[in-house]
Structure formats: C-alpha cells, structure tokens
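Student: Got a structure for you, written out below as structure tokens; questions coming shortly.
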Amino acid sequence: MKRTDYLSWDEYFMAVALLSAKRSKDPNTQVGACVANDQNKIVGVGYNGFPLGCSDDELPWSRDGAYLDTKYPYVCHAELNAVLNSISYDLRNCRIYVGLFPCNECTKVIIQAGIKEIIYLSDKYKDTDSVKASKLMLETSPDITYRQMKTQRSTILIDFSIDE
C-alpha cells in the first residue's frame, strides 16, 4: 500500500521556497521563491540577497537609518532572483511559490514574466502601500491569480542522516 502522508504539489514547491530562504544572509528577513511550470517541474528558485559580486560584508544589512545606509536599495528579492535564475525564458503559465506576498516591484516582474499564479504563505505586510499596489495591479490583470496557501502541516523535517 502506498504512503498517504506524502507532500502535495503545493506543499512540495512551498517547501523548496522555504528551504531556499535559508540561503539568505539577511539577518532580519529570509524569503525564498520557487517557480514551477504546468508540468510540475521546478524551473527557477531564488532567495533575497545582494546582486552577484556585491560584497555582503561591505553593503549594509540595516533596516533603519538613511536610505543608502539600509539594505533596501541593494537587496534583490527572492521573486526577482527566481525569475532571473530560471532555466527558461518562457515562464508563461508557471506558478510562483513565495513565503511573503510579493511587493509591488516583484509583482511587476511576475506579471511581465507571464507567471499565471502566485501562491504565498504570509500576508503580514498587507497594510503597506507596496502590497496594496501589488494587489491593485493583480486585480487589474486578468491573466494572473493569487491565493494564500492553506495546509494542515506546520513543519517538515529534513533529516540529513539517511540510513544506508
């Protein structure tokens, strides 16, 4: 008899996004994203961090202070990196899984890439202008949908000590 506690596709791709977030060096916010195509194949992953070649020891990680002394002008978000890291230039009809609802800048990238659905876990910044702008763009774009992922699971354990 087959197992019954296996991951759904949504759980699998969200788990990949959450695992990708663990690569982020941001001391405050770690976000990952996973792009899956309509054949349930992963075509891109990303996490928030500085652009390639930019020193994460020299650029600031601060959230507060003068704009240029914070991380905000420098960090590439997980969604942008997942699109840029994709193995295909054609992301039409793909889904993107992300821990946080995308900001307005990432939403523009998602729409322009032709991704058809956004699946997210948290909407904790729903009252910010950035997320309000995202939702306004999505509401006026007939080709893309979004939904908050619901699951009965609270954790998935990954054990590196696999028996041989």
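Identifiers in the structure tokens: chain A, B, ... in order shown; residue index from 1 per chain; ligand index from 1 in order shown.
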Could you write out, as a list in words, all the residues of region 35-120 of chain A that DSSP marks as helix (DSSP H, G or I)?
Tutor: Tyr67, Leu68, Asp69, Ala78, Glu79, Leu80, Asn81, Ala82, Val83, Leu84, Asn104, Glu105, Cys106, Thr107, Lys108, Val109, Ile110, Ile111, Gln112 and Ala113 of chain A
Student: Got a sec: who's within 7 Å of Gly44 (chain A), counting only C-alpha atoms, leaving out chain neighbours fewer than 5 positions off, as an mmCIF file with all heavy atoms, in the first residue's frame?
Tutor:
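Contents of out_26.cif, as written:
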data_model
loop_
_atom_site.group_PDB
_atom_site.id
_atom_site.type_symbol
_atom_site.label_atom_id
_atom_site.label_comp_id
_atom_site.auth_asym_id
_atom_site.auth_seq_id
_atom_site.Cartn_x
_atom_site.Cartn_y
_atom_site.Cartn_z
ATOM 1 N N CYS A 34 10.009 29.813 -5.450
ATOM 2 C CA CYS A 34 10.156 28.667 -6.338
ATOM 3 C C CYS A 34 9.152 28.823 -7.484
ATOM 4 O O CYS A 34 7.963 29.034 -7.233
ATOM 5 C CB CYS A 34 9.892 27.377 -5.564
ATOM 6 S SG CYS A 34 9.958 25.875 -6.561
ATOM 7 N N VAL A 35 9.646 28.722 -8.717
ATOM 8 C CA VAL A 35 8.780 28.789 -9.892
ATOM 9 C C VAL A 35 8.619 27.379 -10.444
ATOM 10 O O VAL A 35 9.604 26.671 -10.676
ATOM 11 C CB VAL A 35 9.367 29.709 -10.984
ATOM 12 C CG1 VAL A 35 8.451 29.757 -12.202
ATOM 13 C CG2 VAL A 35 9.605 31.111 -10.445
ATOM 14 N N ALA A 82 14.322 34.348 -8.492
ATOM 15 C CA ALA A 82 13.756 33.117 -9.044
ATOM 16 C C ALA A 82 13.484 33.267 -10.536
ATOM 17 O O ALA A 82 13.731 32.343 -11.322
ATOM 18 C CB ALA A 82 12.480 32.725 -8.295
ATOM 19 N N VAL A 83 12.985 34.435 -10.948
ATOM 20 C CA VAL A 83 12.738 34.685 -12.374
ATOM 21 C C VAL A 83 14.065 34.782 -13.123
ATOM 22 O O VAL A 83 14.257 34.164 -14.175
ATOM 23 C CB VAL A 83 11.875 35.948 -12.576
ATOM 24 C CG1 VAL A 83 11.850 36.377 -14.035
ATOM 25 C CG2 VAL A 83 10.452 35.704 -12.057
ATOM 26 N N ASN A 85 16.932 33.535 -12.282
ATOM 27 C CA ASN A 85 17.647 32.263 -12.217
ATOM 28 C C ASN A 85 16.949 31.142 -12.977
ATOM 29 O O ASN A 85 17.423 30.008 -12.964
ATOM 30 C CB ASN A 85 17.799 31.809 -10.753
ATOM 31 C CG ASN A 85 18.707 32.706 -9.951
ATOM 32 O OD1 ASN A 85 19.521 33.437 -10.497
ATOM 33 N ND2 ASN A 85 18.563 32.659 -8.638
ATOM 34 N N SER A 86 15.830 31.440 -13.614
ATOM 35 C CA SER A 86 15.047 30.375 -14.256
ATOM 36 C C SER A 86 15.820 29.747 -15.407
ATOM 37 O O SER A 86 16.663 30.386 -16.036
ATOM 38 C CB SER A 86 13.700 30.914 -14.745
ATOM 39 O OG SER A 86 13.903 31.810 -15.817
ATOM 40 N N ILE A 87 15.521 28.490 -15.656
ATOM 41 C CA ILE A 87 16.187 27.759 -16.738
ATOM 42 C C ILE A 87 15.479 27.966 -18.071
ATOM 43 O O ILE A 87 15.889 27.413 -19.081
ATOM 44 C CB ILE A 87 16.267 26.252 -16.410
ATOM 45 C CG1 ILE A 87 14.875 25.648 -16.248
ATOM 46 C CG2 ILE A 87 17.128 26.017 -15.186
ATOM 47 C CD1 ILE A 87 14.860 24.137 -16.132
#
Student: Take CA of Asn81 (chain A) and CA of Ile115 (chain A) and report the distance between them in Å, one decimal.
Tutor: 14.1 Å
Student: Considering only C-alpha atoms, can you say which of A:Asp163, A:Asp26, A:Glu105, A:Glu139 comes closest to Leu59 (chain A)?
Tutor: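 Of A:Asp163, A:Asp26, A:Glu105, A:Glu139, the one nearest Leu59 (chain A), counting only C-alpha atoms, is A:Asp26.
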Student: For Tyr72 (chain A), work out the shell of residues within 12 Å, counting only C-alpha atoms and skipping chain neighbours fewer than 2 positions away, then give it as a list in words.
Tutor: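 The filter keeps Asp26, Thr29, Asn48, Gly49, Phe50, Leu59, Pro60, Trp61, Ser62, Arg63, Asp64, Gly65, Ala66, Tyr67, Leu68, Asp69, Thr70, Tyr74, Val75, Cys76 and His77 of chain A.
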Student: To one decimal place in Å, what is the distance between CA of Lys25 (chain A) and CA of Leu52 (chain A)?
Tutor: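 Calculated distance between CA of Lys25 (chain A) and CA of Leu52 (chain A) is 13.3 Å.
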Student: Compare A:Pro102, A:Val109, A:Thr155, A:Asp143 by their minimum atom-to-atom distance to Asp129 (chain A), counting only C-alpha atoms, and give me the closest one.
Tutor: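 Closest residue, counting only C-alpha atoms: A:Pro102.
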Student: Would you mind writing down, as a list in words, each residue of chain A that DSSP on the backbone assigns to strand (DSSP E or B)?
Tutor: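 Reading the DSSP output for chain A, strand (DSSP E or B) covers Gly32, Ala33, Cys34, Val35, Ala36, Ile42, Val43, Gly44, Val45, Gly46, Tyr47, Gly49, Cys76, Arg95, Ile96, Tyr97, Val98, Gly99, Leu100, Glu117, Ile118, Ile119, Tyr120, Leu121, Ser122, Thr145, Tyr146, Arg147 and Gln148 of chain A.
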Student: Output N, CA, C and O atoms for every residue in the selection just made, as a compact mmCIF listing (two decimals), in the first residue's frame.
Tutor:
# COMPACT_ATOMS: atom_id res chain seq x y z
N GLY A 32 12.25 33.01 0.30
CA GLY A 32 12.61 32.20 -0.85
C GLY A 32 11.44 32.12 -1.81
O GLY A 32 10.30 32.37 -1.43
N ALA A 33 11.75 31.79 -3.05
CA ALA A 33 10.71 31.65 -4.08
C ALA A 33 11.05 30.47 -4.97
O ALA A 33 12.22 30.16 -5.20
N CYS A 34 10.01 29.81 -5.45
CA CYS A 34 10.16 28.67 -6.34
C CYS A 34 9.15 28.82 -7.48
O CYS A 34 7.96 29.03 -7.23
N VAL A 35 9.65 28.72 -8.72
CA VAL A 35 8.78 28.79 -9.89
C VAL A 35 8.62 27.38 -10.44
O VAL A 35 9.60 26.67 -10.68
N ALA A 36 7.37 26.96 -10.61
CA ALA A 36 7.06 25.64 -11.15
C ALA A 36 6.22 25.80 -12.41
O ALA A 36 5.34 26.68 -12.48
N ILE A 42 10.26 22.19 -11.47
CA ILE A 42 10.85 23.43 -10.97
C ILE A 42 11.70 24.05 -12.08
O ILE A 42 12.57 23.38 -12.64
N VAL A 43 11.42 25.30 -12.39
CA VAL A 43 12.18 25.99 -13.44
C VAL A 43 12.97 27.18 -12.90
O VAL A 43 13.73 27.79 -13.65
N GLY A 44 12.79 27.51 -11.63
CA GLY A 44 13.57 28.61 -11.05
C GLY A 44 13.40 28.67 -9.55
O GLY A 44 12.33 28.37 -9.02
N VAL A 45 14.48 29.03 -8.86
CA VAL A 45 14.44 29.26 -7.42
C VAL A 45 15.27 30.50 -7.11
O VAL A 45 16.16 30.87 -7.87
N GLY A 46 14.95 31.13 -5.99
CA GLY A 46 15.72 32.31 -5.58
C GLY A 46 15.45 32.64 -4.13
O GLY A 46 14.53 32.12 -3.52
N TYR A 47 16.30 33.50 -3.60
CA TYR A 47 16.15 34.00 -2.23
C TYR A 47 16.64 35.43 -2.21
O TYR A 47 17.31 35.89 -3.14
N GLY A 49 18.81 38.59 -1.43
CA GLY A 49 20.23 38.84 -1.18
C GLY A 49 20.75 39.91 -2.12
O GLY A 49 20.04 40.41 -3.00
N CYS A 76 18.15 42.21 -3.78
CA CYS A 76 17.27 41.64 -4.80
C CYS A 76 16.34 40.67 -4.08
O CYS A 76 16.79 39.80 -3.34
N ARG A 95 3.69 28.89 -12.05
CA ARG A 95 3.25 29.34 -10.73
C ARG A 95 4.49 29.74 -9.95
O ARG A 95 5.54 29.11 -10.11
N ILE A 96 4.36 30.75 -9.09
CA ILE A 96 5.45 31.11 -8.20
C ILE A 96 4.99 30.93 -6.76
O ILE A 96 3.91 31.36 -6.39
N TYR A 97 5.82 30.24 -5.99
CA TYR A 97 5.57 29.98 -4.57
C TYR A 97 6.52 30.85 -3.78
O TYR A 97 7.73 30.87 -4.06
N VAL A 98 5.98 31.59 -2.81
CA VAL A 98 6.81 32.51 -2.05
C VAL A 98 6.28 32.63 -0.63
O VAL A 98 5.08 32.53 -0.39
N GLY A 99 7.20 32.79 0.32
CA GLY A 99 6.81 32.87 1.73
C GLY A 99 5.98 34.09 2.06
O GLY A 99 5.03 34.02 2.83
N LEU A 100 6.33 35.24 1.48
CA LEU A 100 5.62 36.50 1.73
C LEU A 100 4.93 36.98 0.46
O LEU A 100 5.47 36.80 -0.64
N GLU A 117 0.13 32.39 -11.67
CA GLU A 117 -0.42 32.28 -10.32
C GLU A 117 0.66 32.52 -9.28
O GLU A 117 1.79 32.06 -9.42
N ILE A 118 0.29 33.24 -8.24
CA ILE A 118 1.15 33.48 -7.07
C ILE A 118 0.54 32.71 -5.90
O ILE A 118 -0.64 32.90 -5.59
N ILE A 119 1.35 31.87 -5.28
CA ILE A 119 0.91 31.15 -4.07
C ILE A 119 1.84 31.60 -2.95
O ILE A 119 3.07 31.51 -3.08
N TYR A 120 1.28 32.12 -1.87
CA TYR A 120 2.08 32.69 -0.80
C TYR A 120 1.59 32.14 0.54
O TYR A 120 0.48 31.63 0.65
N LEU A 121 2.45 32.27 1.56
CA LEU A 121 2.08 31.83 2.91
C LEU A 121 1.58 33.00 3.75
O LEU A 121 0.51 32.96 4.32
N SER A 122 2.39 34.04 3.85
CA SER A 122 2.09 35.15 4.76
C SER A 122 1.75 36.43 4.01
O SER A 122 2.35 36.73 2.98
N THR A 145 -3.62 35.07 -11.11
CA THR A 145 -4.38 34.92 -9.87
C THR A 145 -3.41 34.77 -8.71
O THR A 145 -2.22 34.51 -8.92
N TYR A 146 -3.93 34.93 -7.52
CA TYR A 146 -3.11 34.71 -6.33
C TYR A 146 -3.97 34.09 -5.24
O TYR A 146 -5.18 34.28 -5.22
N ARG A 147 -3.30 33.31 -4.38
CA ARG A 147 -4.01 32.69 -3.28
C ARG A 147 -3.04 32.40 -2.14
O ARG A 147 -1.86 32.15 -2.37
N GLN A 148 -3.59 32.46 -0.96
CA GLN A 148 -2.81 32.11 0.21
C GLN A 148 -2.87 30.60 0.39
O GLN A 148 -3.95 30.01 0.34
Student: Which neighbours of Ile158 (chain A) fall inside 12 Å, counting only C-alpha atoms, when residues of the same chain fewer than 4 positions from it are skipped, and could you give them as a ChimeraX atom specification?
Tutor: /A:15-16,19,162
Student: Restrict the selected residues to C-alpha atoms and save them as a PDB file, in the first residue's frame.
Tutor:
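Saved result, selection-v4.pdb, follows:
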ATOM      1  CA  ALA A  15       8.937  23.709   0.938  1.00  0.00           C
ATOM      2  CA  VAL A  16      11.520  24.341  -1.805  1.00  0.00           C
ATOM      3  CA  LEU A  19      14.390  25.887   2.028  1.00  0.00           C
ATOM      4  CA  ILE A 162      19.673   8.948   5.910  1.00  0.00           C
TER       5      ILE A 162
END
Student: Given only C-alpha atoms as the basis, pick out the residue of A:Thr140, A:Ser55, A:Gln112, A:Asn104 nearest to Lys126 (chain A).
Tutor: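 Closest residue, counting only C-alpha atoms: A:Asn104.
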Student: What lies within 12 Å of Lys108 (chain A) using only C-alpha atoms, ignoring chain neighbours under 6 positions off, as a tab-separated table (two decimals) with all heavy atoms, in the first residue's frame?
Tutor:
chain	number	residue	atom	x	y	z
A	79	GLU	N	11.66	36.70	-5.41
A	79	GLU	CA	10.88	36.52	-6.63
A	79	GLU	C	11.68	36.95	-7.86
A	79	GLU	O	11.69	36.26	-8.88
A	79	GLU	CB	9.57	37.33	-6.57
A	79	GLU	CG	8.68	36.98	-5.40
A	79	GLU	CD	8.91	37.84	-4.15
A	79	GLU	OE1	10.06	38.29	-3.91
A	79	GLU	OE2	7.94	38.05	-3.42
A	80	LEU	N	12.36	38.10	-7.76
A	80	LEU	CA	13.19	38.58	-8.86
A	80	LEU	C	14.29	37.56	-9.16
A	80	LEU	O	14.53	37.20	-10.32
A	80	LEU	CB	13.81	39.94	-8.51
A	80	LEU	CG	14.82	40.49	-9.51
A	80	LEU	CD1	14.17	40.78	-10.85
A	80	LEU	CD2	15.49	41.74	-8.96
A	83	VAL	N	12.99	34.44	-10.95
A	83	VAL	CA	12.74	34.69	-12.37
A	83	VAL	C	14.06	34.78	-13.12
A	83	VAL	O	14.26	34.16	-14.18
A	83	VAL	CB	11.87	35.95	-12.58
A	83	VAL	CG1	11.85	36.38	-14.04
A	83	VAL	CG2	10.45	35.70	-12.06
A	102	PRO	N	4.20	39.16	-2.53
A	102	PRO	CA	5.20	39.98	-3.22
A	102	PRO	C	4.95	41.49	-3.13
A	102	PRO	O	3.81	41.94	-3.15
A	102	PRO	CB	5.10	39.53	-4.67
A	102	PRO	CG	4.18	38.39	-4.71
A	102	PRO	CD	3.45	38.30	-3.42
A	114	GLY	N	4.96	36.63	-17.25
A	114	GLY	CA	3.85	35.80	-17.71
A	114	GLY	C	3.44	34.72	-16.73
A	114	GLY	O	2.67	33.82	-17.08
A	115	ILE	N	3.95	34.79	-15.50
A	115	ILE	CA	3.56	33.81	-14.48
A	115	ILE	C	2.07	33.96	-14.23
A	115	ILE	O	1.56	35.07	-14.13
A	115	ILE	CB	4.41	34.03	-13.21
A	115	ILE	CG1	5.87	33.64	-13.51
A	115	ILE	CG2	3.85	33.24	-12.04
A	115	ILE	CD1	6.85	33.98	-12.41
A	130	SER	N	3.14	49.17	-0.64
A	130	SER	CA	3.74	48.28	-1.62
A	130	SER	C	2.83	47.10	-1.94
A	130	SER	O	2.61	46.76	-3.11
A	130	SER	CB	5.09	47.78	-1.09
A	130	SER	OG	5.64	46.83	-1.95
A	131	VAL	N	2.29	46.45	-0.90
A	131	VAL	CA	1.41	45.31	-1.13
A	131	VAL	C	0.06	45.76	-1.68
A	131	VAL	O	-0.53	45.09	-2.54
A	131	VAL	CB	1.26	44.45	0.14
A	131	VAL	CG1	0.17	43.41	-0.01
A	131	VAL	CG2	2.59	43.78	0.48
A	133	ALA	N	-0.35	48.23	-3.70
A	133	ALA	CA	-0.08	48.46	-5.13
A	133	ALA	C	-0.02	47.12	-5.87
A	133	ALA	O	-0.54	47.00	-6.99
A	133	ALA	CB	1.20	49.25	-5.31
A	134	SER	N	0.61	46.12	-5.24
A	134	SER	CA	0.67	44.79	-5.85
A	134	SER	C	-0.72	44.26	-6.14
A	134	SER	O	-1.00	43.78	-7.24
A	134	SER	CB	1.39	43.80	-4.92
A	134	SER	OG	2.72	44.14	-4.75
A	135	LYS	N	-1.57	44.33	-5.14
A	135	LYS	CA	-2.92	43.78	-5.29
A	135	LYS	C	-3.73	44.55	-6.31
A	135	LYS	O	-4.53	43.96	-7.06
A	135	LYS	CB	-3.61	43.71	-3.93
A	135	LYS	CG	-2.99	42.62	-3.06
A	135	LYS	CD	-3.65	42.50	-1.71
A	135	LYS	CE	-2.97	41.39	-0.90
A	135	LYS	NZ	-3.48	41.29	0.45
A	136	LEU	N	-3.53	45.86	-6.39
A	136	LEU	CA	-4.23	46.66	-7.40
A	136	LEU	C	-3.80	46.22	-8.80
A	136	LEU	O	-4.63	46.03	-9.69
A	136	LEU	CB	-3.97	48.15	-7.20
A	136	LEU	CG	-4.66	49.08	-8.18
A	136	LEU	CD1	-6.18	48.91	-8.15
A	136	LEU	CD2	-4.29	50.53	-7.88
A	137	MET	N	-2.49	46.01	-9.00
A	137	MET	CA	-2.02	45.54	-10.30
A	137	MET	C	-2.61	44.16	-10.61
A	137	MET	O	-3.06	43.91	-11.74
A	137	MET	CB	-0.49	45.45	-10.33
A	137	MET	CG	0.19	46.79	-10.49
A	137	MET	SD	1.98	46.63	-10.68
A	137	MET	CE	2.48	46.41	-8.96
A	138	LEU	N	-2.62	43.28	-9.63
A	138	LEU	CA	-3.12	41.93	-9.85
A	138	LEU	C	-4.62	41.93	-10.12
A	138	LEU	O	-5.11	41.13	-10.94
A	138	LEU	CB	-2.78	41.03	-8.66
A	138	LEU	CG	-1.28	40.76	-8.49
A	138	LEU	CD1	-1.01	40.10	-7.14
A	138	LEU	CD2	-0.74	39.93	-9.63
A	141	SER	N	-5.18	42.83	-13.70
A	141	SER	CA	-4.54	41.94	-14.67
A	141	SER	C	-5.36	40.65	-14.75
A	141	SER	O	-5.31	39.83	-13.83
A	141	SER	CB	-3.10	41.64	-14.23
A	141	SER	OG	-2.49	40.77	-15.13
A	144	ILE	N	-3.66	36.69	-14.27
A	144	ILE	CA	-2.91	36.18	-13.13
A	144	ILE	C	-3.81	36.12	-11.90
A	144	ILE	O	-4.64	37.00	-11.69
A	144	ILE	CB	-1.65	37.05	-12.88
A	144	ILE	CG1	-0.77	36.42	-11.79
A	144	ILE	CG2	-2.01	38.48	-12.57
A	144	ILE	CD1	0.61	37.05	-11.71
Student: When you draw a straight line from CA of Asp159 (chain A) to CA of Phe13 (chain A), how long is it in Å?
Tutor: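 Here the two named atoms are 18.2 Å from each other.
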Student: Here is a test: counting only C-alpha atoms, which residue of A:Thr107, A:Tyr6, A:Ala113, A:Lys132 is nearest to Tyr89 (chain A)?
Tutor: A:Ala113
Student: Counting only C-alpha atoms, which of A:Asp38, A:Asp127, A:Asp10, A:Asp57 gets nearest to Asn93 (chain A)?
Tutor: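 Answer, going by the shortest atom-to-atom distance: A:Asp38.
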